[in-house]
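Shown here: run26.txt, compact mmCIF, C-alpha atoms.
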# COMPACT_ATOMS: atom_id res chain seq x y z
CA MET A 100 10.28 61.71 146.16
CA GLY A 101 10.04 62.73 149.82
CA ARG A 102 7.31 60.20 150.54
CA TYR A 103 9.28 57.50 148.78
CA VAL A 104 12.40 58.21 150.87
CA ILE A 105 10.38 58.17 154.10
CA ARG A 106 8.71 54.89 153.10
CA ARG A 107 12.08 53.33 152.28
CA LEU A 108 13.55 54.49 155.59
CA LEU A 109 10.62 52.92 157.44
CA GLN A 110 11.12 49.69 155.49
CA MET A 111 14.74 49.65 156.64
CA ILE A 112 13.72 49.34 160.30
CA PRO A 113 12.49 45.70 160.20
CA VAL A 114 15.33 44.78 157.84
CA PHE A 115 17.86 46.27 160.25
CA ILE A 116 16.30 44.54 163.26
CA GLY A 117 16.08 41.19 161.48
CA SER A 118 19.66 41.37 160.17
CA THR A 119 21.22 42.40 163.46
CA LEU A 120 19.19 39.81 165.37
CA LEU A 121 20.33 37.04 163.03
CA ILE A 122 23.96 38.17 163.25
CA PHE A 123 23.76 38.48 167.04
CA LEU A 124 22.34 34.98 167.42
CA MET A 125 24.86 33.44 165.02
CA VAL A 126 27.89 35.09 166.62
CA TYR A 127 26.90 34.31 170.19
CA ALA A 128 26.00 30.75 169.24
CA LEU A 129 29.57 30.03 168.07
CA GLY A 130 30.74 29.22 171.56
CA ASP A 131 31.43 30.54 175.02
CA PRO A 132 33.31 33.86 174.62
CA VAL A 133 34.52 33.73 178.22
CA ALA A 134 36.20 30.38 177.62
CA ALA A 135 37.78 31.78 174.44
CA LEU A 136 39.03 34.77 176.43
CA PHE A 137 41.08 32.51 178.71
CA GLY A 138 42.36 30.32 175.87
CA ASP A 139 43.66 26.91 176.87
CA LYS A 140 43.58 27.74 180.56
CA ALA A 141 40.46 26.84 182.50
CA PRO A 142 38.98 30.03 183.99
CA ASP A 143 38.31 30.33 187.67
CA PRO A 144 34.55 29.73 188.15
CA ALA A 145 34.08 32.85 190.24
CA THR A 146 35.99 35.03 187.77
CA ALA A 147 34.10 33.55 184.81
CA ALA A 148 30.77 34.14 186.54
CA ARG A 149 31.68 37.76 187.28
CA ILE A 150 32.72 38.37 183.64
CA ARG A 151 29.49 36.81 182.37
CA ALA A 152 27.48 39.00 184.70
CA ASP A 153 29.37 42.15 183.63
CA LEU A 154 28.80 41.33 179.94
CA HIS A 155 25.20 40.14 180.54
CA LEU A 156 26.15 36.72 179.19
CA ASP A 157 24.22 35.06 181.99
CA GLU A 158 20.99 36.50 180.53
CA PRO A 159 18.86 34.79 177.83
CA LEU A 160 19.91 35.60 174.26
CA TRP A 161 16.78 37.63 173.55
CA LYS A 162 17.43 39.81 176.56
CA GLN A 163 21.09 40.18 175.60
CA TYR A 164 19.96 41.39 172.19
CA LEU A 165 17.55 43.95 173.66
CA LEU A 166 20.26 45.25 175.98
CA TYR A 167 22.69 45.44 173.05
CA MET A 168 20.25 47.34 170.82
CA GLY A 169 19.40 49.71 173.65
CA ALA A 170 23.09 50.47 174.11
CA ILE A 171 23.57 51.02 170.35
CA PHE A 172 20.83 53.66 170.23
CA GLN A 173 22.74 55.43 173.00
CA GLY A 174 25.95 55.32 170.95
CA ASP A 175 27.54 52.50 172.95
CA PHE A 176 28.73 49.51 170.90
CA GLY A 177 30.16 47.75 173.91
CA THR A 178 33.68 46.88 174.96
CA ALA A 179 35.97 44.30 173.43
CA PHE A 180 37.29 41.56 175.67
CA ASP A 181 40.68 43.28 175.81
CA GLY A 182 39.03 46.28 177.49
CA GLN A 183 39.11 48.58 174.45
CA PRO A 184 35.80 50.23 173.46
CA VAL A 185 34.47 48.96 170.15
CA LEU A 186 33.88 52.56 169.07
CA ASP A 187 37.62 53.22 169.34
CA LEU A 188 38.33 50.21 167.14
CA MET A 189 35.78 51.51 164.62
CA ALA A 190 37.34 54.98 164.67
CA SER A 191 40.70 53.54 163.68
CA ALA A 192 39.48 50.84 161.27
CA PHE A 193 36.63 52.35 159.25
CA PRO A 194 38.54 55.38 157.85
CA VAL A 195 41.23 53.03 156.50
CA THR A 196 38.74 50.65 154.90
CA LEU A 197 36.70 53.59 153.60
CA ARG A 198 39.76 54.94 151.76
CA LEU A 199 40.49 51.47 150.40
CA THR A 200 36.88 51.09 149.26
CA ILE A 201 36.93 54.51 147.55
CA VAL A 202 40.04 53.50 145.59
CA ALA A 203 38.49 50.14 144.65
CA ILE A 204 35.14 51.68 143.62
CA ALA A 205 36.89 54.37 141.55
CA ILE A 206 38.92 51.73 139.70
CA GLU A 207 35.84 49.58 139.31
CA ILE A 208 33.77 52.42 137.83
CA VAL A 209 36.36 54.04 135.56
CA VAL A 210 38.07 50.93 134.20
CA GLY A 211 35.10 48.56 134.32
CA ILE A 212 32.59 50.85 132.59
CA THR A 213 35.16 52.00 130.01
CA LEU A 214 36.06 48.44 129.06
CA GLY A 215 32.38 47.48 129.05
CA VAL A 216 31.44 50.31 126.68
CA VAL A 217 34.31 49.50 124.33
CA SER A 218 33.45 45.81 124.37
CA GLY A 219 29.73 46.45 123.86
CA LEU A 220 30.33 48.74 120.89
CA LYS A 221 32.71 46.17 119.35
CA ARG A 222 30.41 43.21 120.00
CA GLY A 223 31.51 40.05 118.19
CA ARG A 224 34.91 41.43 117.22
CA PRO A 225 38.28 40.13 118.46
CA LEU A 226 38.56 42.91 121.07
CA ASP A 227 35.20 41.96 122.54
CA THR A 228 36.12 38.28 122.62
CA GLY A 229 39.47 39.03 124.23
CA LEU A 230 37.89 41.15 126.97
CA LEU A 231 35.29 38.47 127.69
CA VAL A 232 38.03 35.83 128.07
CA LEU A 233 40.14 38.15 130.23
CA THR A 234 37.26 39.00 132.59
CA LEU A 235 36.40 35.30 132.89
CA ILE A 236 39.98 34.56 133.92
CA VAL A 237 39.91 37.38 136.50
CA ILE A 238 36.66 36.06 137.97
CA SER A 239 38.10 32.53 138.16
CA VAL A 240 41.29 33.50 140.02
CA PRO A 241 40.83 33.73 143.83
CA THR A 242 41.67 37.06 145.45
CA PHE A 243 44.45 35.62 147.61
CA VAL A 244 46.21 34.32 144.47
CA SER A 245 46.00 37.57 142.51
CA GLY A 246 46.85 39.56 145.65
CA TYR A 247 50.02 37.66 146.53
CA LEU A 248 51.07 37.55 142.86
CA LEU A 249 50.72 41.31 142.33
CA GLN A 250 52.34 41.99 145.69
CA PHE A 251 55.35 39.86 144.76
CA LEU A 252 55.75 41.19 141.21
CA LEU A 253 55.02 44.90 141.75
CA GLY A 254 56.17 45.25 145.34
CA VAL A 255 58.98 42.77 145.95
CA LYS A 256 60.52 41.88 142.59
CA TRP A 257 60.17 45.14 140.64
CA GLY A 258 59.83 47.55 143.57
CA TRP A 259 57.24 49.78 141.89
CA VAL A 260 55.09 50.05 145.02
CA ARG A 261 55.35 49.27 148.71
CA PRO A 262 54.61 45.58 149.32
CA THR A 263 52.77 46.46 152.55
CA VAL A 264 50.79 49.47 153.70
CA SER A 265 51.96 51.74 156.52
CA PRO A 266 49.69 52.26 159.57
CA ASP A 267 48.48 55.64 158.26
CA ALA A 268 47.35 53.98 154.99
CA PRO A 269 47.48 57.03 152.66
CA PHE A 270 45.71 56.89 149.30
CA ASP A 271 48.91 56.42 147.27
CA GLU A 272 49.78 53.24 149.19
CA LEU A 273 46.26 51.87 148.74
CA ILE A 274 46.31 51.82 144.94
CA LEU A 275 47.66 48.27 144.63
CA PRO A 276 45.41 46.87 147.40
CA GLY A 277 42.52 48.73 145.77
CA VAL A 278 43.27 47.06 142.44
CA VAL A 279 43.37 43.65 144.10
CA LEU A 280 40.13 44.30 145.97
CA ALA A 281 38.39 45.61 142.84
CA LEU A 282 39.55 42.98 140.34
CA VAL A 283 36.64 40.55 140.57
CA SER A 284 34.02 43.31 140.82
CA LEU A 285 35.70 45.15 137.92
CA ALA A 286 35.28 42.06 135.76
CA TYR A 287 31.58 41.84 136.62
CA VAL A 288 31.07 45.56 135.92
CA THR A 289 32.79 45.13 132.55
CA ARG A 290 30.55 42.23 131.58
CA LEU A 291 27.38 43.96 132.84
CA SER A 292 28.24 47.17 130.98
CA ARG A 293 29.09 45.25 127.83
CA THR A 294 25.81 43.33 127.84
CA SER A 295 23.71 46.40 128.56
CA ILE A 296 25.46 48.51 125.91
CA ALA A 297 25.18 45.75 123.30
CA GLU A 298 21.44 45.37 123.95
CA ASN A 299 20.66 49.10 123.91
CA THR A 300 22.56 49.83 120.71
CA ARG A 301 19.62 48.25 118.87
CA ALA A 302 16.99 50.25 120.79
CA ASP A 303 14.63 52.61 119.00
CA TYR A 304 15.78 55.72 120.87
CA VAL A 305 19.39 55.10 119.72
CA ARG A 306 18.33 54.71 116.09
CA THR A 307 16.24 57.87 116.40
CA ALA A 308 19.19 59.83 117.82
CA VAL A 309 21.44 58.61 114.99
CA ALA A 310 18.77 59.46 112.40
CA LYS A 311 18.60 63.01 113.77
CA GLY A 312 22.28 63.38 112.91
CA LEU A 313 23.54 63.68 116.49
CA PRO A 314 27.29 63.20 116.91
CA ARG A 315 28.28 59.63 117.79
CA ARG A 316 29.92 60.77 121.01
CA ARG A 317 26.73 62.49 122.19
CA VAL A 318 24.62 59.46 121.27
CA ILE A 319 26.86 57.24 123.38
CA THR A 320 27.28 59.50 126.42
CA ARG A 321 23.88 61.23 126.62
CA HIS A 322 21.56 58.47 125.44
CA LEU A 323 23.14 55.03 125.26
CA LEU A 324 25.36 55.13 128.35
CA ARG A 325 22.83 56.67 130.76
CA ASN A 326 20.17 54.08 130.01
CA SER A 327 22.69 51.25 130.10
CA LEU A 328 24.08 52.09 133.53
CA ILE A 329 21.05 51.08 135.62
CA PRO A 330 22.10 47.42 136.15
CA VAL A 331 25.70 48.54 136.65
CA VAL A 332 24.72 51.09 139.31
CA THR A 333 22.65 48.41 141.05
CA PHE A 334 25.66 46.11 141.22
CA ILE A 335 28.06 48.84 142.37
CA GLY A 336 25.65 49.98 145.09
CA ALA A 337 25.44 46.48 146.53
CA ASP A 338 29.19 46.08 146.07
CA ILE A 339 30.09 49.00 148.35
CA GLY A 340 29.12 47.12 151.50
CA ALA A 341 30.55 43.88 150.11
CA LEU A 342 33.93 45.51 149.51
CA MET A 343 34.04 47.02 153.01
CA GLY A 344 33.09 43.78 154.71
CA GLY A 345 34.85 41.43 152.31
CA ALA A 346 38.29 43.04 152.40
CA ILE A 347 39.57 40.52 154.95
CA VAL A 348 41.85 38.72 152.48
CA THR A 349 43.18 41.92 150.88
CA GLU A 350 43.84 43.57 154.24
CA ARG A 351 45.64 40.48 155.50
CA ILE A 352 47.88 40.37 152.41
CA PHE A 353 48.92 44.03 152.61
CA ASN A 354 48.88 44.33 156.43
CA ILE A 355 46.07 46.88 156.46
CA HIS A 356 44.45 47.35 159.87
CA GLY A 357 40.94 48.07 158.68
CA VAL A 358 37.51 46.55 159.09
CA GLY A 359 38.54 43.23 157.58
CA TYR A 360 41.48 42.95 159.96
CA GLN A 361 39.33 43.71 163.01
CA LEU A 362 36.66 41.22 161.90
CA TYR A 363 39.32 38.55 161.38
CA GLN A 364 40.80 39.17 164.82
CA GLY A 365 37.34 39.21 166.40
CA ILE A 366 36.33 35.91 164.81
CA LEU A 367 39.69 34.32 165.60
CA ARG A 368 39.44 35.28 169.28
CA ASN A 369 35.67 34.81 169.50
CA ASN A 370 35.42 38.49 170.43
CA SER A 371 31.66 38.78 170.01
CA PRO A 372 31.20 42.52 170.81
CA THR A 373 33.72 43.47 168.11
CA VAL A 374 32.22 41.22 165.44
CA VAL A 375 28.61 42.20 166.15
CA GLY A 376 29.43 45.91 166.36
CA PHE A 377 31.33 46.02 163.07
CA VAL A 378 28.76 43.94 161.21
CA THR A 379 25.97 46.18 162.54
CA ILE A 380 27.64 49.18 160.91
CA LEU A 381 28.09 47.22 157.68
CA VAL A 382 24.36 46.43 157.65
CA ILE A 383 23.64 50.17 157.85
CA VAL A 384 26.08 50.78 154.99
CA PHE A 385 24.30 48.17 152.85
CA LEU A 386 20.88 49.72 153.53
CA LEU A 387 21.97 53.29 152.78
CA ALA A 388 23.83 52.21 149.62
CA ASN A 389 20.72 50.47 148.32
CA LEU A 390 18.61 53.58 149.03
CA LEU A 391 21.14 55.74 147.16
CA VAL A 392 21.04 53.37 144.19
CA ASP A 393 17.25 53.56 144.02
CA LEU A 394 17.40 57.35 144.02
CA LEU A 395 20.00 57.35 141.23
CA TYR A 396 17.64 55.44 138.95
CA ALA A 397 15.57 58.57 138.34
CA VAL A 398 18.73 60.54 137.55
CA LEU A 399 19.88 58.01 134.96
CA ASP A 400 16.46 57.38 133.42
CA PRO A 401 14.00 60.35 133.51
CA ARG A 402 11.13 57.95 132.77
CA ILE A 403 11.44 56.57 136.30
CA ARG A 404 9.31 58.40 138.82
CA TYR A 405 8.77 57.76 142.51
CA ALA A 406 5.22 58.07 143.78
Can you present the structure in this file as C-alpha cells?
Amino acid sequence: MGRYVIRRLLQMIPVFIGSTLLIFLMVYALGDPVAALFGDKAPDPATAARIRADLHLDEPLWKQYLLYMGAIFQGDFGTAFDGQPVLDLMASAFPVTLRLTIVAIAIEIVVGITLGVVSGLKRGRPLDTGLLVLTLIVISVPTFVSGYLLQFLLGVKWGWVRPTVSPDAPFDELILPGVVLALVSLAYVTRLSRTSIAENTRADYVRTAVAKGLPRRRVITRHLLRNSLIPVVTFIGADIGALMGGAIVTERIFNIHGVGYQLYQGILRNNSPTVVGFVTILVIVFLLANLLVDLLYAVLDPRIRYA
C-alpha cells in the first residue's frame, strides 16, 4: 500500500505540471490583461509598460510559467489586478464552496444511493421505471432552470427557505443550493447504483449468501452493496472537484461568494492571476480525490490488492 501511494504521488507530478501549464497558457492567451484592467480607456503607454514589468507580462510565456510555479511553491499565488492577494480571495471563497460541496455530496450519496438500491432491487417494476424516467428528466433540465425554479417556489413564493445566502453562508442556508448543485449528479448516482445493484443481484456470491440463510438485510448491506459501490465511488470522487469548480451557476443564482463566484469575476475581468490560482487548487483537489477513490477500492472489495 505504501509503495502504491508513493508511486501515485509521483505520477501526480507530471499531471499537475501538464494541467497547470495548459491552464496557464489558455488563460494568458485570452487577451491582454493590462488592457482589460483599464477597460474602455486606453492605458498610458508608460503606465502599461510598468504594470507589465511588475507582473512579468513582458517576459515569454514559458518564463512567466516558471516564475509562477516558483512563487506557488513558496506559498505565493500572486496578486489580483485590484491589489488583493489571491490567497486572501481563496481564504474567503474556498471555505464557502467547501461547505456547499459537502452538502451536495451528502445529498448525492444518501439520496442517490438509496434510490439506486431501491430501483435496482425492484428492476422492471413500476417504481424502477418511474425512477428511471424521473432521473432522465433531472439530467435533461439545465441547472439554471432548476435553480431559479426552486428558488422561486421554495424561497420567494412559499417562503420555506431564504432565497439568497448570507455572506457567512452557514450550512442551514446552503441546503437548497446544495440540492440544486447535486441534482444532476444525484441522478447519475441513482442510475449507476441501480445498474450495478441489478447486475450483482444475479452474481454467485449473492446466491451463495442467500443459500446460507443470511438475512436479506445483511445480504444487501454486507455483500451486494459493498461490491456494487465501486463505480459509484469512482463517479463521486471525480465529482468532488467538478462540484467545486462547476458551482458558478448555482453560486450566481443564490448570491454565494465562493469559488464559482471568484472564477466568474476573474474571467469576466480577465483577471488572470485569480483564475490561474483558483484552477491550480482545483487541479490538486481532483488529483487527491482520485487517489482517495483508488484507496477506497480495497476497502469496498477485499479482493483488490495494491502491489
Practice task
Find the spatial neighbours of Phe123 in chain A, counting all atoms listed in the file, within a cut-off of 10 Å - ignore same-chain residues fewer than 5 positions away - and output them as a ChimeraX atom specification.
Solution key: /A:117-118,128,160-161,163-164,167,371-372,374-376,378-379
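Rounded to one decimal, CA of Ile296 in chain A and CA of Gly219 in chain A lie 5.2 Å from each other.
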Problem - Sphere at (55.1, 49.3, 143.8), radius 9 Å, counting only C-alpha atoms: residues as number ranges by chain - result: A: 250, 252-255, 257-262, 272, 275
Atoms kept (C-alpha atoms) for selection, written as a PDB file, in the frame of the given file:
ATOM      1  CA  GLN A 250      52.340  41.990 145.690  1.00  0.00           C
ATOM      2  CA  LEU A 252      55.750  41.190 141.210  1.00  0.00           C
ATOM      3  CA  LEU A 253      55.020  44.900 141.750  1.00  0.00           C
ATOM      4  CA  GLY A 254      56.170  45.250 145.340  1.00  0.00           C
ATOM      5  CA  VAL A 255      58.980  42.770 145.950  1.00  0.00           C
ATOM      6  CA  TRP A 257      60.170  45.140 140.640  1.00  0.00           C
ATOM      7  CA  GLY A 258      59.830  47.550 143.570  1.00  0.00           C
ATOM      8  CA  TRP A 259      57.240  49.780 141.890  1.00  0.00           C
ATOM      9  CA  VAL A 260      55.090  50.050 145.020  1.00  0.00           C
ATOM     10  CA  ARG A 261      55.350  49.270 148.710  1.00  0.00           C
ATOM     11  CA  PRO A 262      54.610  45.580 149.320  1.00  0.00           C
ATOM     12  CA  GLU A 272      49.780  53.240 149.190  1.00  0.00           C
ATOM     13  CA  LEU A 275      47.660  48.270 144.630  1.00  0.00           C
TER      14      LEU A 275
END
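The space between CA of Val210 in chain A and CA of Leu391 in chain A spans 21.9 Å.
One finds CA of Ala341 in chain A at 19.5 Å from CA of Leu120 in chain A.
Within 7 Å of range 177-180 of chain A, once all atoms listed in the file are used and residues closer than 3 positions along the same chain are dropped, the contacting residues are Gln183, Pro184, Val185, Asn370, Pro372 and Thr373 of chain A.
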C-alpha atoms of the current selection, written as a PDB file, in the frame of the given file:
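Result saved to out_28.pdb:
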ATOM      1  CA  GLN A 183      39.110  48.580 174.450  1.00  0.00           C
ATOM      2  CA  PRO A 184      35.800  50.230 173.460  1.00  0.00           C
ATOM      3  CA  VAL A 185      34.470  48.960 170.150  1.00  0.00           C
ATOM      4  CA  ASN A 370      35.420  38.490 170.430  1.00  0.00           C
ATOM      5  CA  PRO A 372      31.200  42.520 170.810  1.00  0.00           C
ATOM      6  CA  THR A 373      33.720  43.470 168.110  1.00  0.00           C
TER       7      THR A 373
END
Problem - Nearest to Val348 in chain A, chosen from A:Ser284, A:Thr242, A:Thr320, A:Ser295, with all atoms listed in the file counted in the distances - result: A:Thr242
Practice task
Tell me, as a list in words, which residues lie within 9 Å of Val332 in chain A, counting all atoms listed in the file; anything in the same chain fewer than 5 positions away does not count.
Solution key: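 Residues near the query, excluding close chain neighbours: Ala337, Val392, Leu395 and Tyr396 of chain A.
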File dump, residues just selected, C-alpha atoms, as a PDB file, in the frame of the given file:
ATOM      1  CA  ALA A 337      25.440  46.480 146.530  1.00  0.00           C
ATOM      2  CA  VAL A 392      21.040  53.370 144.190  1.00  0.00           C
ATOM      3  CA  LEU A 395      20.000  57.350 141.230  1.00  0.00           C
ATOM      4  CA  TYR A 396      17.640  55.440 138.950  1.00  0.00           C
TER       5      TYR A 396
END
Exercise for the section: Identify which of the residues A:Leu233, A:Ala148, A:Leu124, A:Leu186 lies closest to Leu285 in chain A, counting all atoms listed in the file when measuring atom-to-atom distances. Expected result: A:Leu233
Problem - Residue among A:Ile352, A:Val305, A:Ile122, A:Val244 lying closest to Arg321 in chain A, counting all atoms listed in the file - result: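 Checking each of A:Ile352, A:Val305, A:Ile122, A:Val244 against Arg321 in chain A, counting all atoms listed in the file, the winner is A:Val305.
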Problem - Of the listed residues A:Ile206, A:Ala145, A:Leu280, A:Ile212, that which approaches Arg325 in chain A most closely, counting all atoms listed in the file - result: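 Smallest distance to Arg325 in chain A is found for A:Ile212.
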Exercise for the section: Using all atoms listed in the file, pick whichever of A:Leu323, A:Arg290, A:Phe270, A:Leu342 has the shortest atom-to-atom distance to Thr228 in chain A. Expected result: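 Closest candidate: A:Arg290.
Nearest residue to Arg106 in chain A, choosing from A:Leu367, A:Leu121, A:Ile236, A:Leu390 and counting all atoms listed in the file: A:Leu390.
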